[in-house]
file entry22.txt (compact mmCIF, C-alpha atoms)
# COMPACT_ATOMS: atom_id res chain seq x y z
CA MET L 1 84.29 127.51 85.53
CA LEU L 2 80.89 128.14 83.93
CA TYR L 3 79.04 131.43 84.50
CA ILE L 4 75.24 131.64 84.17
CA ASP L 5 73.27 134.88 84.59
CA ALA L 6 70.08 134.01 86.45
CA PRO L 7 67.17 134.57 86.61
CA VAL L 8 66.67 135.10 82.88
CA GLY L 9 66.51 138.84 82.30
CA THR L 10 69.60 139.64 84.37
CA GLY L 11 73.11 140.20 83.09
CA PHE L 12 73.44 138.89 79.54
CA SER L 13 70.59 136.38 79.81
CA PHE L 14 67.50 137.39 77.86
CA ALA L 15 64.09 136.33 76.60
CA ASN L 16 62.49 137.33 73.32
CA ASN L 17 59.16 138.20 74.93
CA LYS L 18 57.82 138.79 78.42
CA ASN L 19 55.95 135.49 78.47
CA ALA L 20 59.25 133.61 78.19
CA PHE L 21 60.49 134.75 81.62
CA ALA L 22 60.33 132.35 84.55
CA SER L 23 57.77 133.25 87.21
CA ASN L 24 59.20 131.38 90.17
CA SER L 25 62.31 129.60 91.42
CA ASP L 26 61.15 126.15 90.31
CA GLU L 27 60.72 127.33 86.71
CA GLU L 28 64.11 129.04 86.78
CA ALA L 29 65.73 125.91 88.23
CA ILE L 30 64.43 123.86 85.31
CA GLU L 31 65.94 126.34 82.85
CA ILE L 32 69.30 126.31 84.65
CA TYR L 33 69.30 122.52 84.73
CA GLU L 34 68.62 122.35 80.98
CA ALA L 35 71.52 124.74 80.35
CA LEU L 36 73.83 122.60 82.52
CA LYS L 37 72.65 119.43 80.81
CA GLN L 38 73.43 120.89 77.38
CA PHE L 39 76.89 121.91 78.61
CA PHE L 40 77.69 118.40 79.85
CA ILE L 41 76.41 116.87 76.61
CA LEU L 42 78.59 119.18 74.51
CA PHE L 43 81.61 118.81 76.80
CA ASN L 44 81.12 115.31 78.12
CA GLU L 45 84.75 115.08 79.24
CA PHE L 46 83.72 117.23 82.23
CA GLN L 47 80.76 115.06 83.23
CA PRO L 48 82.65 112.73 85.64
CA ARG L 49 84.29 115.63 87.49
CA ASP L 50 83.09 116.93 90.85
CA PHE L 51 80.62 119.77 90.28
CA TYR L 52 79.78 122.66 92.62
CA LEU L 53 77.10 125.33 92.30
CA ALA L 54 77.77 128.87 93.56
CA GLY L 55 75.73 132.07 93.62
CA GLU L 56 75.19 135.37 95.39
CA THR L 57 72.08 137.21 96.64
CA TYR L 58 69.02 136.06 94.69
CA ALA L 59 71.08 133.74 92.49
CA ALA L 60 72.11 132.07 95.76
CA THR L 61 68.46 131.66 96.68
CA LEU L 62 67.93 129.71 93.45
CA ILE L 63 70.65 127.16 94.23
CA PRO L 64 68.60 124.80 96.46
CA TYR L 65 65.93 124.63 93.74
CA VAL L 66 68.55 123.72 91.14
CA VAL L 67 69.96 121.06 93.48
CA ARG L 68 66.52 119.54 93.93
CA HIS L 69 66.00 119.42 90.16
CA ILE L 70 69.44 117.91 89.53
CA ASP L 71 68.62 115.17 92.05
CA LEU L 72 65.30 114.51 90.33
CA GLU L 73 66.78 114.35 86.83
CA ASN L 74 69.86 112.33 87.84
CA SER L 75 67.54 109.52 88.87
CA LYS L 76 66.13 109.16 85.34
CA SER L 77 68.40 110.93 82.83
CA ASP L 78 71.34 109.48 80.92
CA VAL L 79 73.25 112.69 81.68
CA LYS L 80 74.39 112.58 85.30
CA ILE L 81 75.58 115.81 86.91
CA ASN L 82 78.15 114.89 89.56
CA LEU L 83 77.04 117.51 92.07
CA LYS L 84 79.06 117.50 95.29
CA GLY L 85 78.19 120.75 97.03
CA VAL L 86 77.17 124.40 96.89
CA VAL L 87 78.50 127.84 97.80
CA ILE L 88 75.80 130.29 98.90
CA GLY L 89 76.58 133.99 99.35
CA SER L 90 74.31 136.52 101.09
CA PRO L 91 71.10 134.75 100.07
CA TYR L 92 67.50 135.86 100.56
CA PHE L 93 66.01 132.89 102.38
CA ASP L 94 63.54 134.53 104.76
CA LEU L 95 62.34 138.13 104.47
CA GLN L 96 61.17 138.01 108.09
CA GLN L 97 64.84 137.84 109.03
CA ASP L 98 66.27 139.91 106.17
CA ILE L 99 63.99 142.89 106.72
CA ASP L 100 65.68 143.69 110.05
CA ARG L 101 68.47 146.17 109.28
CA SER L 102 68.37 148.07 112.55
CA GLN L 103 70.82 146.03 114.61
CA THR L 104 73.42 145.98 111.83
CA LEU L 105 73.25 149.75 111.36
CA TYR L 106 73.35 150.31 115.11
CA ASN L 107 76.37 148.02 115.54
CA PHE L 108 78.23 149.98 112.87
CA GLY L 109 77.45 153.19 114.73
CA LEU L 110 75.50 154.60 111.79
CA ILE L 111 72.29 155.19 113.75
CA ASP L 112 71.46 155.98 117.35
CA GLU L 113 68.88 154.35 119.62
CA GLU L 114 66.05 156.64 118.54
CA GLN L 115 66.76 156.01 114.86
CA LYS L 116 66.98 152.29 115.56
CA LYS L 117 63.41 152.47 116.85
CA GLN L 118 62.34 153.84 113.45
CA PHE L 119 63.87 150.84 111.69
CA ASP L 120 62.36 148.48 114.25
CA ASP L 121 58.95 150.02 113.55
CA VAL L 122 59.34 149.38 109.82
CA MET L 123 60.37 145.79 110.55
CA SER L 124 57.30 145.28 112.73
CA ARG L 125 55.01 146.64 110.01
CA GLY L 126 56.73 144.43 107.45
CA LEU L 127 56.21 141.32 109.57
CA VAL L 128 52.52 142.19 109.95
CA GLU L 129 52.18 142.41 106.15
CA ILE L 130 54.00 139.09 105.66
CA ASN L 131 51.73 137.36 108.15
CA LYS L 132 48.72 138.82 106.33
CA GLY L 133 50.04 137.43 103.07
CA ASN L 134 50.70 140.91 101.65
CA ILE L 135 54.10 139.96 100.25
CA LEU L 136 54.29 142.82 97.75
CA LYS L 137 53.66 145.37 100.49
CA ALA L 138 56.26 143.77 102.77
CA SER L 139 58.81 143.73 99.96
CA GLU L 140 58.11 147.39 99.18
CA LEU L 141 58.69 148.27 102.84
CA PHE L 142 62.01 146.44 102.81
CA TRP L 143 63.35 148.15 99.71
CA THR L 144 62.17 151.65 100.57
CA THR L 145 63.85 151.26 103.94
CA VAL L 146 67.35 150.70 102.57
CA ILE L 147 67.34 151.60 98.86
CA GLY L 148 66.57 154.69 96.82
CA PRO L 149 66.21 158.45 97.28
CA GLY L 150 64.33 159.32 100.44
CA SER L 151 64.85 155.88 101.98
CA LEU L 152 65.00 155.60 105.75
CA LEU L 153 68.66 154.62 105.40
CA GLU L 154 69.45 157.84 103.54
CA ASN L 155 67.40 160.01 105.88
CA THR L 156 69.04 158.67 109.03
CA THR L 157 72.63 158.03 107.92
CA GLY L 158 73.14 160.22 104.87
CA PHE L 159 74.19 157.12 102.91
CA LEU L 160 73.22 157.29 99.24
CA ASP L 161 74.32 153.70 98.66
CA TRP L 162 73.48 150.55 100.62
CA ARG L 163 76.16 148.19 99.35
CA SER L 164 78.87 148.93 101.89
CA ALA L 165 79.15 150.49 105.33
CA LEU L 166 82.50 151.86 104.14
CA MET L 167 81.10 153.97 101.28
CA ASP L 168 78.26 156.45 101.59
CA LYS L 169 78.04 157.19 97.85
CA PRO L 170 77.78 154.93 94.79
CA LEU L 171 80.97 154.11 92.95
CA LEU L 172 81.65 156.86 90.42
CA ASP L 173 83.01 154.35 87.92
CA GLU L 174 79.89 152.17 87.72
CA SER L 175 78.73 153.89 84.52
CA LYS L 176 82.16 153.25 83.04
CA PHE L 177 81.82 149.57 83.89
CA LEU L 178 78.45 149.38 82.13
CA LYS L 179 79.93 151.06 79.06
CA PHE L 180 82.88 148.66 79.19
CA ILE L 181 80.82 145.50 79.61
CA ASP L 182 78.57 146.47 76.69
CA SER L 183 81.44 147.19 74.31
CA LYS L 184 81.63 145.07 71.15
CA GLU L 185 85.11 143.85 72.09
CA ILE L 186 84.00 142.50 75.48
CA HIS L 187 80.90 140.91 73.97
CA ASN L 188 83.15 139.07 71.53
CA TYR L 189 85.45 137.88 74.33
CA LEU L 190 82.50 136.61 76.38
CA HIS L 191 80.63 135.11 73.39
CA VAL L 192 77.37 136.81 74.37
CA GLY L 193 76.35 138.17 70.98
CA LEU L 194 74.85 141.64 70.74
CA HIS L 195 72.47 141.43 73.68
CA LYS L 196 72.69 144.36 76.05
CA PHE L 197 73.86 143.76 79.63
CA LEU L 198 70.92 144.17 82.03
CA ASN L 199 71.74 145.56 85.45
CA GLY L 200 68.16 144.98 86.57
CA ASP L 201 64.87 144.25 84.80
CA PRO L 202 61.63 145.45 86.47
CA ASN L 203 59.78 142.61 84.76
CA VAL L 204 62.00 140.06 86.51
CA TYR L 205 61.64 141.80 89.86
CA THR L 206 57.84 141.85 89.56
CA ARG L 207 57.69 138.15 88.75
CA PHE L 208 59.99 137.11 91.58
CA THR L 209 58.78 139.45 94.33
CA LYS L 210 56.77 136.77 96.12
CA GLU L 211 59.69 134.38 95.82
CA PHE L 212 62.05 136.99 97.20
CA ALA L 213 59.80 137.52 100.20
CA GLY L 214 59.15 133.84 100.85
CA ALA L 215 60.90 131.41 103.18
CA HIS L 216 63.25 128.82 101.67
CA GLU L 217 65.02 127.27 104.67
CA ASP L 218 63.44 123.82 104.20
CA LEU L 219 65.39 123.40 100.97
CA ILE L 220 68.65 123.99 102.82
CA GLN L 221 67.73 121.19 105.20
CA GLU L 222 67.02 118.94 102.21
CA MET L 223 70.52 119.56 100.80
CA LEU L 224 72.14 118.83 104.14
CA ASP L 225 70.10 115.65 104.57
CA ARG L 226 71.33 114.45 101.18
CA GLY L 227 74.93 114.90 102.27
CA TYR L 228 75.92 117.80 100.04
CA ARG L 229 78.72 120.08 101.17
CA VAL L 230 77.29 123.52 101.91
CA LEU L 231 79.33 126.70 102.38
CA PHE L 232 77.60 129.91 103.44
CA TYR L 233 79.19 133.35 103.46
CA SER L 234 77.84 136.84 104.00
CA ALA L 235 79.21 140.28 103.16
CA GLN L 236 80.19 141.80 106.50
CA PHE L 237 79.76 145.43 105.42
CA ASP L 238 76.72 145.01 103.14
CA LEU L 239 73.83 147.02 104.58
CA ALA L 240 71.04 145.22 102.73
CA THR L 241 71.85 141.50 102.53
call {"tool": "encode", "arguments": {"input": "entry22.txt", "output": "structure tokens"}}
result
Amino acid sequence: MLYIDAPVGTGFSFANNKNAFASNSDEEAIEIYEALKQFFILFNEFQPRDFYLAGETYAATLIPYVVRHIDLENSKSDVKINLKGVVIGSPYFDLQQDIDRSQTLYNFGLIDEEQKKQFDDVMSRGLVEINKGNILKASELFWTTVIGPGSLLENTTGFLDWRSALMDKPLLDESKFLKFIDSKEIHNYLHVGLHKFLNGDPNVYTRFTKEFAGAHEDLIQEMLDRGYRVLFYSAQFDLAT
């Protein structure tokens, strides 16, 4: 199993300057393909084996772009990646669908009908902004609805964390995890050098905001038309994805 932190600027992946970051999913897909190609050149005994791509949330959104690029390069490169299918978890494929949190919260019993109307109003305003092409504004509406101090989610439910309907507060041990993952011993085990683990880079978010808010369903249809196996899953208790 091969783990890749993507986009560059998340996890242990890094760039030496801000101009080296990818600005869209196509650029990131090229970088991921090049990393995979290098892996299969170095470890060519794995090249004939069935290969599957898997990712969660925005990394899952990147997968169809990587598939498209693998198809393109397989037709002309000496290095053939034997891609058979993909596993896609809680992806962001269409903000017009993702921005609607009201029904989920209502079904969990976390908000009442009047509060649901507040979320529906935010969704309606977000859709207006998307249709106007104001993607940054629509994205801002989405995030301030479910994430951060003073969010609509916090004001209506009391939840300080959006990752699970079963927990209203962030995990107390998250800071311990970050300390653990950045320890010299773990870095040595993972062969990641001395680069600090990035839980989130504002520079990456800014570059990919329009991608995050775009629609990517056509790429799913492309994968299915090519005969790839596709497995979708979604976190049942996640309040934001």
call {"tool": "atom_distance", "arguments": {"input": "entry22.txt", "atom1": "CA of Asp5 in chain L", "atom2": "CA of Ile147 in chain L"}}
result
22.8 Å
call {"tool": "atom_distance", "arguments": {"input": "entry22.txt", "atom1": "CA of Phe12 in chain L", "atom2": "CA of Gln38 in chain L"}}
result
18.1 Å
call {"tool": "closest_residue", "arguments": {"input": "entry22.txt", "among": "L:Ala15, L:Val66, L:Val146, L:Leu53", "to": "Tyr33 in chain L", "atoms": "all atoms listed in the file"}}
result
L:Val66
call {"tool": "atom_distance", "arguments": {"input": "entry22.txt", "atom1": "CA of Glu56 in chain L", "atom2": "CA of Asn155 in chain L"}}
result
27.9 Å
call {"tool": "closest_residue", "arguments": {"input": "entry22.txt", "among": "L:Thr61, L:Asn82, L:Thr144, L:Ser234", "to": "Leu36 in chain L", "atoms": "all atoms listed in the file"}}
result
L:Asn82
call {"tool": "closest_residue", "arguments": {"input": "entry22.txt", "among": "L:Ser151, L:Asn17, L:Ile81, L:Ala138", "to": "Arg49 in chain L", "atoms": "only C-alpha atoms"}}
result
L:Ile81
call {"tool": "closest_residue", "arguments": {"input": "entry22.txt", "among": "L:Ile111, L:Val128, L:Val8, L:Ala22", "to": "Thr156 in chain L", "atoms": "all atoms listed in the file"}}
result
L:Ile111
call {"tool": "residues_around", "arguments": {"input": "entry22.txt", "residues": "Asn107 in chain L", "least_positions_apart": "2", "cutoff": "12 Å", "atoms": "all atoms listed in the file", "output": "number ranges by chain"}}
result
L: 101-105, 109-113, 116, 165, 236-237, 239
call {"tool": "residues_around", "arguments": {"input": "entry22.txt", "residues": "Val79 in chain L", "least_positions_apart": "2", "cutoff": "8 Å", "atoms": "all atoms listed in the file", "output": "list in words"}}
result
Lys37, Phe40, Ile41, Asn74, Ser77 and Ile81 of chain L
call {"tool": "residues_near_point", "arguments": {"input": "entry22.txt", "point": "(74.6, 151.6, 97.8)", "cutoff": "12 Å", "atoms": "all atoms listed in the file", "output": "PyMOL selection string"}}
result
chain L and resi 143+146-149+151+153-154+158-172+174+237-241
call {"tool": "closest_residue", "arguments": {"input": "entry22.txt", "among": "L:Ser90, L:Gln118, L:Gln97, L:Leu62", "to": "Ile130 in chain L", "atoms": "only C-alpha atoms"}}
result
L:Gln97
call {"tool": "residues_around", "arguments": {"input": "entry22.txt", "residues": "Glu129 in chain L", "least_positions_apart": "6", "cutoff": "10 Å", "atoms": "only C-alpha atoms", "output": "PDB file with C-alpha atoms, in the coordinates of the input"}}
result
ATOM      1  CA  MET L 123      60.370 145.790 110.550  1.00  0.00           C
ATOM      2  CA  ILE L 135      54.100 139.960 100.250  1.00  0.00           C
ATOM      3  CA  LEU L 136      54.290 142.820  97.750  1.00  0.00           C
ATOM      4  CA  LYS L 137      53.660 145.370 100.490  1.00  0.00           C
ATOM      5  CA  ALA L 138      56.260 143.770 102.770  1.00  0.00           C
ATOM      6  CA  SER L 139      58.810 143.730  99.960  1.00  0.00           C
ATOM      7  CA  LEU L 141      58.690 148.270 102.840  1.00  0.00           C
TER       8      LEU L 141
END
call {"tool": "residues_around", "arguments": {"input": "entry22.txt", "residues": "Ser13 in chain L", "least_positions_apart": "6", "cutoff": "9 Å", "atoms": "all atoms listed in the file", "output": "PDB file with C-alpha atoms, in the frame of the given file"}}
result
ATOM      1  CA  ILE L   4      75.240 131.640  84.170  1.00  0.00           C
ATOM      2  CA  ASP L   5      73.270 134.880  84.590  1.00  0.00           C
ATOM      3  CA  ALA L   6      70.080 134.010  86.450  1.00  0.00           C
ATOM      4  CA  PRO L   7      67.170 134.570  86.610  1.00  0.00           C
ATOM      5  CA  VAL L 192      77.370 136.810  74.370  1.00  0.00           C
ATOM      6  CA  HIS L 195      72.470 141.430  73.680  1.00  0.00           C
ATOM      7  CA  PHE L 197      73.860 143.760  79.630  1.00  0.00           C
ATOM      8  CA  LEU L 198      70.920 144.170  82.030  1.00  0.00           C
TER       9      LEU L 198
END
call {"tool": "residues_around", "arguments": {"input": "entry22.txt", "residues": "His216 in chain L", "least_positions_apart": "4", "cutoff": "8 Å", "atoms": "all atoms listed in the file", "output": "list in words"}}
result
Thr61, Phe93, Asp94 and Ile220 of chain L
call {"tool": "decode", "arguments": {"input": "entry22.txt", "residues": "range 130-151 of chain L", "atoms": "N, CA and C atoms", "output": "mmCIF file, in the first residue's frame"}}
result
data_model
loop_
_atom_site.group_PDB
_atom_site.id
_atom_site.type_symbol
_atom_site.label_atom_id
_atom_site.label_comp_id
_atom_site.auth_asym_id
_atom_site.auth_seq_id
_atom_site.Cartn_x
_atom_site.Cartn_y
_atom_site.Cartn_z
ATOM 1 N N ILE L 130 -23.397 30.642 -6.449
ATOM 2 C CA ILE L 130 -22.801 29.701 -7.407
ATOM 3 C C ILE L 130 -23.275 30.012 -8.818
ATOM 4 N N ASN L 131 -24.562 30.244 -8.971
ATOM 5 C CA ASN L 131 -25.115 30.536 -10.291
ATOM 6 C C ASN L 131 -24.616 31.863 -10.848
ATOM 7 N N LYS L 132 -24.230 32.780 -9.955
ATOM 8 C CA LYS L 132 -23.641 34.051 -10.383
ATOM 9 C C LYS L 132 -22.161 33.907 -10.719
ATOM 10 N N GLY L 133 -21.595 32.760 -10.364
ATOM 11 C CA GLY L 133 -20.166 32.568 -10.575
ATOM 12 C C GLY L 133 -19.313 33.035 -9.420
ATOM 13 N N ASN L 134 -19.964 33.407 -8.302
ATOM 14 C CA ASN L 134 -19.226 33.873 -7.120
ATOM 15 C C ASN L 134 -18.848 32.670 -6.248
ATOM 16 N N ILE L 135 -17.908 31.880 -6.734
ATOM 17 C CA ILE L 135 -17.564 30.625 -6.072
ATOM 18 C C ILE L 135 -16.961 30.860 -4.692
ATOM 19 N N LEU L 136 -16.110 31.870 -4.565
ATOM 20 C CA LEU L 136 -15.483 32.149 -3.271
ATOM 21 C C LEU L 136 -16.531 32.494 -2.222
ATOM 22 N N LYS L 137 -17.520 33.284 -2.614
ATOM 23 C CA LYS L 137 -18.584 33.653 -1.683
ATOM 24 C C LYS L 137 -19.411 32.435 -1.298
ATOM 25 N N ALA L 138 -19.727 31.591 -2.260
ATOM 26 C CA ALA L 138 -20.502 30.382 -1.972
ATOM 27 C C ALA L 138 -19.737 29.455 -1.038
ATOM 28 N N SER L 139 -18.441 29.313 -1.280
ATOM 29 C CA SER L 139 -17.611 28.465 -0.426
ATOM 30 C C SER L 139 -17.546 29.015 0.988
ATOM 31 N N GLU L 140 -17.417 30.325 1.101
ATOM 32 C CA GLU L 140 -17.387 30.963 2.426
ATOM 33 C C GLU L 140 -18.691 30.716 3.176
ATOM 34 N N LEU L 141 -19.812 30.786 2.481
ATOM 35 C CA LEU L 141 -21.106 30.516 3.110
ATOM 36 C C LEU L 141 -21.171 29.084 3.623
ATOM 37 N N PHE L 142 -20.662 28.154 2.821
ATOM 38 C CA PHE L 142 -20.675 26.745 3.219
ATOM 39 C C PHE L 142 -19.892 26.539 4.501
ATOM 40 N N TRP L 143 -18.659 27.026 4.519
ATOM 41 C CA TRP L 143 -17.800 26.766 5.675
ATOM 42 C C TRP L 143 -18.271 27.483 6.925
ATOM 43 N N THR L 144 -18.735 28.711 6.800
ATOM 44 C CA THR L 144 -19.189 29.430 7.995
ATOM 45 C C THR L 144 -20.519 28.890 8.509
ATOM 46 N N THR L 145 -21.164 28.062 7.711
ATOM 47 C CA THR L 145 -22.397 27.431 8.170
ATOM 48 C C THR L 145 -22.107 26.273 9.115
ATOM 49 N N VAL L 146 -21.052 25.507 8.829
ATOM 50 C CA VAL L 146 -20.817 24.279 9.601
ATOM 51 C C VAL L 146 -19.513 24.266 10.384
ATOM 52 N N ILE L 147 -18.602 25.200 10.114
ATOM 53 C CA ILE L 147 -17.279 25.134 10.735
ATOM 54 C C ILE L 147 -16.912 26.462 11.379
ATOM 55 N N GLY L 148 -16.311 26.376 12.555
ATOM 56 C CA GLY L 148 -15.723 27.543 13.195
ATOM 57 C C GLY L 148 -16.603 28.165 14.260
ATOM 58 N N PRO L 149 -15.974 28.969 15.139
ATOM 59 C CA PRO L 149 -16.726 29.666 16.194
ATOM 60 C C PRO L 149 -17.793 30.577 15.590
ATOM 61 N N GLY L 150 -18.970 30.543 16.165
ATOM 62 C CA GLY L 150 -20.054 31.381 15.678
ATOM 63 C C GLY L 150 -20.738 30.861 14.436
ATOM 64 N N SER L 151 -20.412 29.637 14.014
ATOM 65 C CA SER L 151 -21.071 29.064 12.835
ATOM 66 C C SER L 151 -22.539 28.806 13.143
#
